[in-house]
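Quick notes on the structure that follows.
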Amino acid sequence: MERRLLLVFALTFLVIVLFQPILKRYLPQPPTPPAQNQTQPAPANNPPAAAQSLAPAEVAKPTNATKQASAESELVVENEFYKITLTNRGAQVKSWILKKYDDDNGHPLDLGNTAAAAKYGYPLSLWTYDENLRNKLNSVLYVATPDREPKSDALSKTFDAPTGISFEYADRDLAVRKVVRFEHGYVIHIEASVLLRGSAVGAFPAWPAGFGDETTLASYHSGQVEYQYNNNTEHLDLKKISGGATLHGPFNWAGVSESYFTATFIPDSLESASLVTLRNPLDVPKDPRKPEETQPVDVLGVAVGSSTGPTSERMYVGPKSLDVLESVPVPTITGAEKDLRAVVNFGFWGAIARPLFLWLRWTYRHWVPNWGWAIVIQTAIITLALLPLRISQMKSALKMQKAAPQIKAIQEKYKKYSMRDPRKQEMNKEITDLYKREGVNPIGGCLPLVIQLPFIFAYYKMLQAAIELRHAHWLWIHDLSSRDPYFILPILLVVSMIATQRMTPQAGMDPQQQKMMNVMMPLMMGFIFFNLASGLNLYYALSNLISIAQQSIMNRTTLGQEMREMAAKRARKKDK
C-alpha cells in the first residue's frame, strides 16, 4: 500500500509538471493588474511598503507644470507667545521660540531640538512611508506666498500673527501644497496635500525629533507619545514606542510631549486620522560644560494626518499649562473633555493629584505670589490634617504591645502542632478573641500609613507635572523643578527623618532593629531624593520638620509617656 501511495504521488506530480506548458498555451490568463498609484493605509503598528517610488523606471510621462523657488529664503511669524522662523527649503520650521519661557541659560526657549532636528527632521516637515519621497519633500525649494505684506520696519520678511503662508512645489512627477495659518495663541492650522503622478499620497505633518527643553538624560526619558479618543487617553513612554509604527484613529488629538511642553495635533477629521510614532537614537553631552563626553538617548516624535489623501488639522505647540490647555477647543463625540487638559499626565493618582494642583495654584494666586511659599503652606496644612492618623497609629501600637505577652503565650501553647493540624485553627480563634477583648485592630498601625501613601504619590506626580514650578524661585533655589544646587533640602530631609525616628516611641520593635531603621531608612530616602526636584524635597523636608514638632508635643502626653516607658522597659529586658 505504501509503494502504491508513493507511486500515485509521483505520477500526480509528473502530470502537473508536463501539463503546465499546455495550460499556459490554451487556457486564458488573468489580466495583469494595473500599477497601484494610491498609497494604502498602514496596518496598525506596521508601516506598509511604499506604494510609490521615485525610481527612474517608474517615473510617469513628464509634464510642463513646474513651480519651485530659485533660492532658499526665511520668513518669520510672531505674536506675543511665539516667534517662528520658517524656511522655504522643505517648507519647515527652523526655530520655534516661546517668548514667555526661558532655557537654562536665561534665553528665550527654542522648542525645536536643534541637534535632533538637523539629523531627523524639522517641525512641520512631511512624513511618508516612501523614504525617497520623504527626503525630496523636505529638501526641495518651495515657493512661499504670504497672505499679507511683511512689517515695514523689518529688514527681513517678518509677519505679525494672525497670518497665513502658502508653500507650493511642482515638477513633472510631484505637486505639493502646504498652507500654514498662524493665530493669536499657541495654535496654528496646517493643510497639506501631495500628488505623485496625479495620485494623492498620504503625507503626515510631523514633529519629528524631541524638544529643545531636553538637556538632561532624565528629560529625554520623560518623553511620551500621547493620544485621546473620547474618554480614552493613552500616554506611551519609551518602553512602549517603536519607530515607524502606525496607529489608526479616530483621534481627538495626538502628539508628543515631555515633562513641560507638547506638540499636539488636533485633526479636523477624527475618523481618517493616523498616527506614526518616531523614535531615533541621539548622542548628547553628559555635561553641557564637557560636550566631548556623550551618552546615547532616544528622541521621540510623531507624524499625524490622513493616510489616504490631503490633511487638515490644527496644532498646539506650547506649555503643558492647564490654564492654556483648557482654552484650546477639541472636537469630541462623547465622553471626553472638549479641550486639551488630558495632555497633562497626573498619572494613576490623578483623581487626587489634580485637586492638589488646583489647590496649590489657588494658594499661589490668592495668598502668596511665590510657588515655594505656596508649597510650604500646603504642606503644613496637609501634615496637620494627617495628625489624627499619627495619633491613631500610636494608640494602635500601644494596644498591640500590651497584648503581646498574651499573644506569645497562646502561640507557645499551640507550638507543638503543625500548620496542617486542625487545632491550629483554635489558636487563631483565641488570638482573635483576645484582639476583641483588648480592642486591638491588627492593621491599625498600618492603616494610617496606607491612607497617607496615595497623598504622597499624588503630590510627587503633581509637582513633577506642574510647569509652573519650572524656573520658579524660592530663597536660594532658582528652579523648583530641578535639584537643590547646594543639596540643603536633601540633607535636611535625612537629618529630620533621623530625628523623627529617634523621637517616635516604637514599643513593639526590637531595639537593635530600631537602631538600624533609625539610620538606614533616612539614608536610603536621602539617596532616592538626592537628585529629585527641589519642590519635592521641600515638601518632604518640611513635612518631617512639622512631624518633629508634632511628635515632641505627643511625647509629653500620657499616651506618649506610656509608650516610651514600655519601650525603655523592653530595652532593659533585652540587655539582661
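Chain labels A, B, ... are given in the sequence in which chains occur in the C-alpha cells; within each chain residues are numbered consecutively from 1, and ligands are likewise numbered from 1 in the order shown.
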Closest contacts (segment 111-189 of chain A/segment 318-321 of chain A, max 10 Å, only C-alpha atoms) as a Markdown table:
| residue | atom | partner | partner_atom | distance |
| --- | --- | --- | --- | --- |
| A:Leu111 | CA | A:Gly318 | CA | 8.2 |
| A:Gly185 | CA | A:Gly318 | CA | 9.3 |
| A:Tyr186 | CA | A:Gly318 | CA | 6.0 |
| A:Val187 | CA | A:Gly318 | CA | 8.4 |
(request) Could you give me, as a list in words, the residues within 9 Å of Leu398 of chain A, counting only C-alpha atoms and dropping anything in the same chain fewer than 2 positions from it? (result)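 The neighbour list is Gln393, Met394, Lys395, Ser396, Met400, Gln401, Lys402, Ala403, Gln506, Ala507, Gly508, Leu559, Glu562, Met563 and Met566 of chain A.
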(request) as a ChimeraX atom specification, please: all residues of segment 283-488 of chain A that backbone DSSP puts in alpha helix (DSSP H). (result) /A:322-325,350-366,371-385,387-413,424-438,447-465,488
(message) Using only C-alpha atoms, which protein or nucleic acid residues come within 12 Å of Leu384 of chain A? Drop anything in the same chain fewer than 3 positions from it, and give the result as number ranges by chain.
(response) A: 377-381, 387-391, 542-551
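Restricting the calculation to only C-alpha atoms, the smallest distance between His184 of chain A and any of A:Val256, A:Thr262, A:Val328, A:Lys136 is found for A:Val328.
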(request) For atom CA of Lys239 of chain A and atom CA of Leu270 of chain A, determine how far apart the two atoms are, in Å to one decimal place. (result)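 Straight-line distance from atom CA of Lys239 of chain A to atom CA of Leu270 of chain A works out to 26.8 Å.
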(request) For Trp127 of chain A, list every protein, DNA or RNA residue within 8 Å, evaluated using only C-alpha atoms, and leave out those in the same chain fewer than 2 positions away; present the list as JSON, numbers by chain. (result) {"A": [125, 129, 134, 203, 204, 205, 206, 303]}
Can those selected residues be exported to a file as a PDB file, in the first residue's frame so that it contains N, CA, C and O atoms?
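Contents of result18.pdb, freshly written:
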ATOM      1  N   SER A 125       7.847  69.300   8.934  1.00  0.00           N
ATOM      2  CA  SER A 125       8.249  68.505   7.774  1.00  0.00           C
ATOM      3  C   SER A 125       7.167  67.475   7.494  1.00  0.00           C
ATOM      4  O   SER A 125       6.298  67.206   8.325  1.00  0.00           O
ATOM      5  N   TYR A 129       5.646  57.086   3.895  1.00  0.00           N
ATOM      6  CA  TYR A 129       6.215  55.753   4.024  1.00  0.00           C
ATOM      7  C   TYR A 129       7.346  55.517   3.022  1.00  0.00           C
ATOM      8  O   TYR A 129       8.182  54.658   3.235  1.00  0.00           O
ATOM      9  N   ARG A 134       9.951  61.076   0.921  1.00  0.00           N
ATOM     10  CA  ARG A 134      10.039  61.887   2.137  1.00  0.00           C
ATOM     11  C   ARG A 134      11.245  62.821   2.094  1.00  0.00           C
ATOM     12  O   ARG A 134      11.146  64.006   2.438  1.00  0.00           O
ATOM     13  N   ALA A 203       0.658  62.180   3.257  1.00  0.00           N
ATOM     14  CA  ALA A 203       1.855  62.855   3.769  1.00  0.00           C
ATOM     15  C   ALA A 203       1.486  63.487   5.105  1.00  0.00           C
ATOM     16  O   ALA A 203       0.630  64.358   5.167  1.00  0.00           O
ATOM     17  N   PHE A 204       2.145  63.066   6.167  1.00  0.00           N
ATOM     18  CA  PHE A 204       1.777  63.448   7.527  1.00  0.00           C
ATOM     19  C   PHE A 204       2.625  64.630   8.007  1.00  0.00           C
ATOM     20  O   PHE A 204       3.854  64.507   8.069  1.00  0.00           O
ATOM     21  N   PRO A 205       2.024  65.753   8.376  1.00  0.00           N
ATOM     22  CA  PRO A 205       2.799  66.797   9.064  1.00  0.00           C
ATOM     23  C   PRO A 205       3.379  66.221  10.354  1.00  0.00           C
ATOM     24  O   PRO A 205       2.727  65.461  11.069  1.00  0.00           O
ATOM     25  N   ALA A 206       4.621  66.609  10.666  1.00  0.00           N
ATOM     26  CA  ALA A 206       5.337  65.922  11.741  1.00  0.00           C
ATOM     27  C   ALA A 206       6.022  66.901  12.686  1.00  0.00           C
ATOM     28  O   ALA A 206       6.376  68.031  12.314  1.00  0.00           O
ATOM     29  N   ALA A 303       4.100  61.882  13.651  1.00  0.00           N
ATOM     30  CA  ALA A 303       3.547  62.429  12.419  1.00  0.00           C
ATOM     31  C   ALA A 303       2.067  62.063  12.408  1.00  0.00           C
ATOM     32  O   ALA A 303       1.716  60.893  12.593  1.00  0.00           O
TER      33      ALA A 303
END
(request) Rounded to one decimal place, report the atom CA of Leu282 of chain A-atom CA of Pro123 of chain A distance in Å. (result) 17.1 Å
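By only C-alpha atoms, and with residues fewer than 5 positions from Val519 of chain A along its chain excluded, the set lying at most 10 Å from it is A:Val494, A:Val495, A:Met497, A:Ile498, A:Ala499, A:Gln501, A:Arg502, A:Gln514, A:Met524.
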Pull C-alpha atoms from the residues just selected and write them as an mmCIF file, in the first residue's frame.
data_model
loop_
_atom_site.group_PDB
_atom_site.id
_atom_site.type_symbol
_atom_site.label_atom_id
_atom_site.label_comp_id
_atom_site.auth_asym_id
_atom_site.auth_seq_id
_atom_site.Cartn_x
_atom_site.Cartn_y
_atom_site.Cartn_z
ATOM 1 C CA VAL A 494 17.796 62.963 56.066
ATOM 2 C CA VAL A 495 18.527 64.760 59.346
ATOM 3 C CA MET A 497 13.971 61.759 59.337
ATOM 4 C CA ILE A 498 16.643 60.560 61.775
ATOM 5 C CA ALA A 499 15.333 62.966 64.420
ATOM 6 C CA GLN A 501 12.654 58.187 64.076
ATOM 7 C CA ARG A 502 14.556 58.695 67.347
ATOM 8 C CA GLN A 514 15.105 50.062 65.770
ATOM 9 C CA MET A 524 18.041 55.360 51.792
#
(request) Have a look at A:Ala115, A:Ala273, A:Leu532, A:Leu475 and name the one nearest to Pro285 of chain A; count only C-alpha atoms. (result) A:Ala115
(request) Would you mind listing what lies within 9 Å of Lys157 of chain A as a VMD selection string, with only C-alpha atoms counted and same-chain residues fewer than 2 positions away left out? (result) chain A and resid 74 to 77 149 to 151 154 to 155 159
Export C-alpha atoms of the chosen residues as a PDB file, in the first residue's frame?
ATOM      1  CA  GLU A  74      13.325  82.553   5.501  1.00  0.00           C
ATOM      2  CA  LEU A  75      10.127  84.012   6.877  1.00  0.00           C
ATOM      3  CA  VAL A  76       9.443  84.955  10.497  1.00  0.00           C
ATOM      4  CA  VAL A  77       5.993  84.961  12.105  1.00  0.00           C
ATOM      5  CA  GLU A 149       2.827  92.137   3.398  1.00  0.00           C
ATOM      6  CA  PRO A 150       5.737  91.917   5.862  1.00  0.00           C
ATOM      7  CA  LYS A 151       6.259  94.524   8.566  1.00  0.00           C
ATOM      8  CA  ALA A 154      11.687  94.863   9.459  1.00  0.00           C
ATOM      9  CA  LEU A 155      14.819  94.127   7.449  1.00  0.00           C
ATOM     10  CA  PHE A 159       4.954  88.983   9.821  1.00  0.00           C
TER      11      PHE A 159
END
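When only C-alpha atoms are used to measure the gap to Gln561 of chain A, the shortest distance among A:Leu109, A:Met503, A:Ile165, A:Val180 belongs to A:Met503.
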